[in-house]
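Peer 1: Got a structure for you, questions after.
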Amino acid sequence: MTRGVAALLLGVVLGLGLGFVLGSNLEQGPTPHNVPNSAETGDAAHDHSAHDHGQGDMSGHDHSKLIEADRPAPTLTLRVLPDGMQSRNLHIKTTHFTFDPEGVNGPHKPGHGHAHVYINGIKQPRAYAPWVQLHALPIGTHEVRVTLNANDHSQLAINGQPIEATVTLVID
């Protein structure tokens with residue numbers, strides 16, 4: 001084996017090893033979940049309902065289970081504001097409700113939880129705050145539906161009816 005080939009192999013091995021060591025020491029913070037994946041990538045046809053969105057909910061929570069909201073019951077309204085050609089800011093306006101990202105996957109705590117956002121029926125990452133950017137939506141009409149959910153992911157309800165709101169937006 002010539003010196004040049006040996007030096008090349010040694011460089012590759014050391015480079016890969018150093019890259020692995022440096023890469024494994026990078027802090028991997030939580031993935032932000034206030035921007036919908038399909039809207040962010042422009043892939044509105046990707047169905048997120050079959051997987052977790054990287055949020056750690058592998059516990060088999062039943063997202064369709066209803067739990068009666070305590071009194072005073074939360075209210076929910078939606079407002080959409082322009083934010084560029086194909087992006088919009090969604091304001092999830094609530095009363096008697098506290099967004100509680102630290103309580104997610106925990107037990108139900110009255111008046112606390114998060115929101116589930118759906119675009120054209122496709123579940124997006126959870127909203128842990130009242131503002132969500134809907135980024136790079138495809139041209140056309142979109143139905144945005146939001147549900148209020150308890151920390152255990154069950155849907156909050158009033159008299160058996162889920163607390164949810166829907167808005168239609170058009171991207172020209």
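Identifiers in this document derive from the order of the structure tokens: chains are assigned A, B, ..., residues are numbered from 1 separately in each chain, and ligands are numbered from 1 in order of occurrence.
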Residues near Trp131 in chain A, anyone? I mean within 12 Å using only C-alpha atoms, not counting same-chain ones fewer than 4 positions away, as a CSV table (one decimal) with N, CA and C atoms, in the first residue's frame.

Peer 2:
chain,number,residue,atom,x,y,z
A,33,HIS,N,-43.0,22.6,17.6
A,33,HIS,CA,-44.2,22.1,17.1
A,33,HIS,C,-45.3,23.1,16.9
A,34,ASN,N,-44.9,24.3,16.7
A,34,ASN,CA,-45.9,25.3,16.4
A,34,ASN,C,-46.1,25.7,15.0
A,35,VAL,N,-45.3,24.9,14.1
A,35,VAL,CA,-45.5,25.1,12.7
A,35,VAL,C,-45.8,23.8,12.1
A,36,PRO,N,-46.9,23.7,11.4
A,36,PRO,CA,-47.3,22.4,10.8
A,36,PRO,C,-46.3,21.9,9.8
A,78,LEU,N,-61.1,31.3,16.2
A,78,LEU,CA,-59.9,31.3,15.3
A,78,LEU,C,-59.9,32.6,14.5
A,79,ARG,N,-58.7,33.1,14.3
A,79,ARG,CA,-58.5,34.3,13.5
A,79,ARG,C,-57.3,34.1,12.6
A,80,VAL,N,-57.4,34.4,11.3
A,80,VAL,CA,-56.3,34.1,10.4
A,80,VAL,C,-55.8,35.5,9.9
A,81,LEU,N,-54.5,35.7,10.0
A,81,LEU,CA,-53.9,37.0,9.5
A,81,LEU,C,-52.9,36.7,8.4
A,88,ARG,N,-49.8,32.1,6.5
A,88,ARG,CA,-50.8,32.8,7.3
A,88,ARG,C,-50.5,32.6,8.8
A,89,ASN,N,-50.8,33.5,9.7
A,89,ASN,CA,-50.7,33.3,11.1
A,89,ASN,C,-52.1,33.0,11.6
A,90,LEU,N,-52.2,31.9,12.3
A,90,LEU,CA,-53.4,31.4,12.9
A,90,LEU,C,-53.4,31.8,14.4
A,91,HIS,N,-54.4,32.6,14.8
A,91,HIS,CA,-54.5,32.9,16.2
A,91,HIS,C,-55.6,32.1,16.8
A,92,ILE,N,-55.2,31.2,17.8
A,92,ILE,CA,-56.1,30.4,18.5
A,92,ILE,C,-56.5,31.1,19.8
A,93,LYS,N,-57.6,31.8,19.7
A,93,LYS,CA,-58.1,32.6,20.9
A,93,LYS,C,-58.9,31.7,21.8
A,94,THR,N,-58.6,31.7,23.1
A,94,THR,CA,-59.3,30.9,24.1
A,94,THR,C,-59.6,31.8,25.3
A,99,PHE,N,-52.5,27.1,27.7
A,99,PHE,CA,-51.6,26.2,27.0
A,99,PHE,C,-50.6,25.7,27.9
A,114,HIS,N,-53.4,21.6,25.3
A,114,HIS,CA,-52.9,22.0,24.0
A,114,HIS,C,-53.9,21.9,22.9
A,115,ALA,N,-53.6,22.4,21.8
A,115,ALA,CA,-54.6,22.3,20.6
A,115,ALA,C,-54.1,21.4,19.6
A,117,VAL,N,-54.3,20.9,15.5
A,117,VAL,CA,-54.5,21.7,14.3
A,117,VAL,C,-54.6,20.7,13.2
A,126,ARG,N,-48.9,19.5,17.2
A,126,ARG,CA,-49.7,20.2,18.3
A,126,ARG,C,-49.3,21.6,18.4
A,127,ALA,N,-50.3,22.4,18.9
A,127,ALA,CA,-50.0,23.8,19.2
A,127,ALA,C,-50.0,24.0,20.7
A,146,VAL,N,-59.4,23.4,14.5
A,146,VAL,CA,-58.6,23.3,15.8
A,146,VAL,C,-59.5,22.7,16.9

Peer 1: Using DSSP secondary structure from the backbone, list all strand (DSSP E) positions within range 90-147 of chain A, as a PyMOL selection string.

Peer 2: chain A and resi 90-95+98-99+112-119+122-123+131-134+140-147

Peer 1: What does the distance between CA of Ala136 in chain A and CA of Thr166 in chain A come to in Å, to one decimal place?

Peer 2: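 CA of Ala136 in chain A sits 19.5 Å away from CA of Thr166 in chain A.
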
Peer 1: Work out how far apart CA of Asn105 in chain A and CA of Tyr128 in chain A are and give it in Å to one decimal.

Peer 2: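 Distance reported for this atom pair: 12.7 Å.
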
Peer 1: Nearest to Ala69 in chain A among A:Thr98, A:Thr147, A:Gln155, A:Thr168, with distances taken over only C-alpha atoms: which residue is it?

Peer 2: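 For Ala69 in chain A, the nearest of the given residues is A:Gln155.
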
Peer 1: Just want the 9 Å neighbourhood of Val104 in chain A, counted on only C-alpha atoms, with same-chain residues fewer than 3 positions away dropped. Output as a list in words.

Peer 2: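 Listed by chain and then number, they are Asp57, Asp100, Pro101, Pro107, Gly113, His114, Ala150, Asn151, Asp152 and His153 of chain A.
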
Peer 1: Residues within 12 Å of Gln161 in chain A, please, as a CSV table (one decimal) with N, CA and C atoms, in the first residue's frame. Count only C-alpha atoms; anything in the same chain fewer than 3 positions from it doesn't count.

Peer 2:
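The file below, around-v7.csv, is the result:
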chain,number,residue,atom,x,y,z
A,64,SER,N,-59.4,10.7,20.2
A,64,SER,CA,-60.8,10.9,19.9
A,64,SER,C,-61.7,10.8,21.2
A,65,LYS,N,-61.1,10.4,22.3
A,65,LYS,CA,-61.8,10.3,23.6
A,65,LYS,C,-62.2,11.7,24.0
A,66,LEU,N,-63.5,11.9,24.5
A,66,LEU,CA,-64.0,13.2,24.9
A,66,LEU,C,-63.9,13.2,26.5
A,67,ILE,N,-63.6,14.4,27.0
A,67,ILE,CA,-63.6,14.6,28.4
A,67,ILE,C,-64.3,15.9,28.7
A,68,GLU,N,-65.3,15.9,29.5
A,68,GLU,CA,-66.1,17.1,29.8
A,68,GLU,C,-65.2,18.2,30.5
A,69,ALA,N,-65.3,19.4,29.9
A,69,ALA,CA,-64.5,20.5,30.5
A,69,ALA,C,-65.2,21.0,31.7
A,73,ALA,N,-66.4,26.7,31.3
A,73,ALA,CA,-65.8,25.9,30.1
A,73,ALA,C,-65.0,26.8,29.2
A,147,THR,N,-58.9,21.8,17.6
A,147,THR,CA,-59.6,21.2,18.8
A,147,THR,C,-58.8,21.5,20.0
A,148,LEU,N,-59.5,21.7,21.2
A,148,LEU,CA,-58.8,21.9,22.4
A,148,LEU,C,-58.7,20.5,23.1
A,155,GLN,N,-60.1,15.0,23.9
A,155,GLN,CA,-60.7,16.2,23.4
A,155,GLN,C,-61.6,16.8,24.5
A,156,LEU,N,-61.4,18.1,24.8
A,156,LEU,CA,-62.3,18.8,25.7
A,156,LEU,C,-63.6,18.9,25.1
A,157,ALA,N,-64.7,18.8,25.9
A,157,ALA,CA,-66.0,18.8,25.3
A,157,ALA,C,-67.0,19.6,26.3
A,158,ILE,N,-68.1,20.1,25.7
A,158,ILE,CA,-69.2,20.7,26.5
A,158,ILE,C,-70.4,19.9,26.2
A,164,GLU,N,-64.2,22.8,19.5
A,164,GLU,CA,-63.5,23.0,18.3
A,164,GLU,C,-64.0,24.2,17.5
A,165,ALA,N,-63.1,24.6,16.5
A,165,ALA,CA,-63.5,25.7,15.7
A,165,ALA,C,-62.9,25.5,14.3

Peer 1: Rounded to one decimal place, report the CA of Ile163 in chain A-CA of Leu76 in chain A distance in Å.

Peer 2: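 Value for the CA of Ile163 in chain A-CA of Leu76 in chain A distance: 7.0 Å.
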
Peer 1: My list of candidates is A:Arg71, A:Asn149, A:Phe97, A:Asp83. Which is closest to Pro162 in chain A when distances are computed with only C-alpha atoms?

Peer 2: A:Asn149

Peer 1: So which one's closest to Ile119 in chain A, A:Val144, A:Ser87, A:Glu102, A:His135? Using only C-alpha atoms, please.

Peer 2: A:Val144

Peer 1: Find the residue from A:Thr77, A:Arg145, A:Pro82, A:Asp172 that sits nearest to Gly121 in chain A; use only C-alpha atoms when measuring.

Peer 2: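 Using only C-alpha atoms, Gly121 in chain A sits closest to A:Arg145.
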
Peer 1: Using only C-alpha atoms, can you tell me which of A:Leu169, A:Thr95, A:Gln133, A:Gly140 comes closest to Gly111 in chain A?

Peer 2: A:Thr95
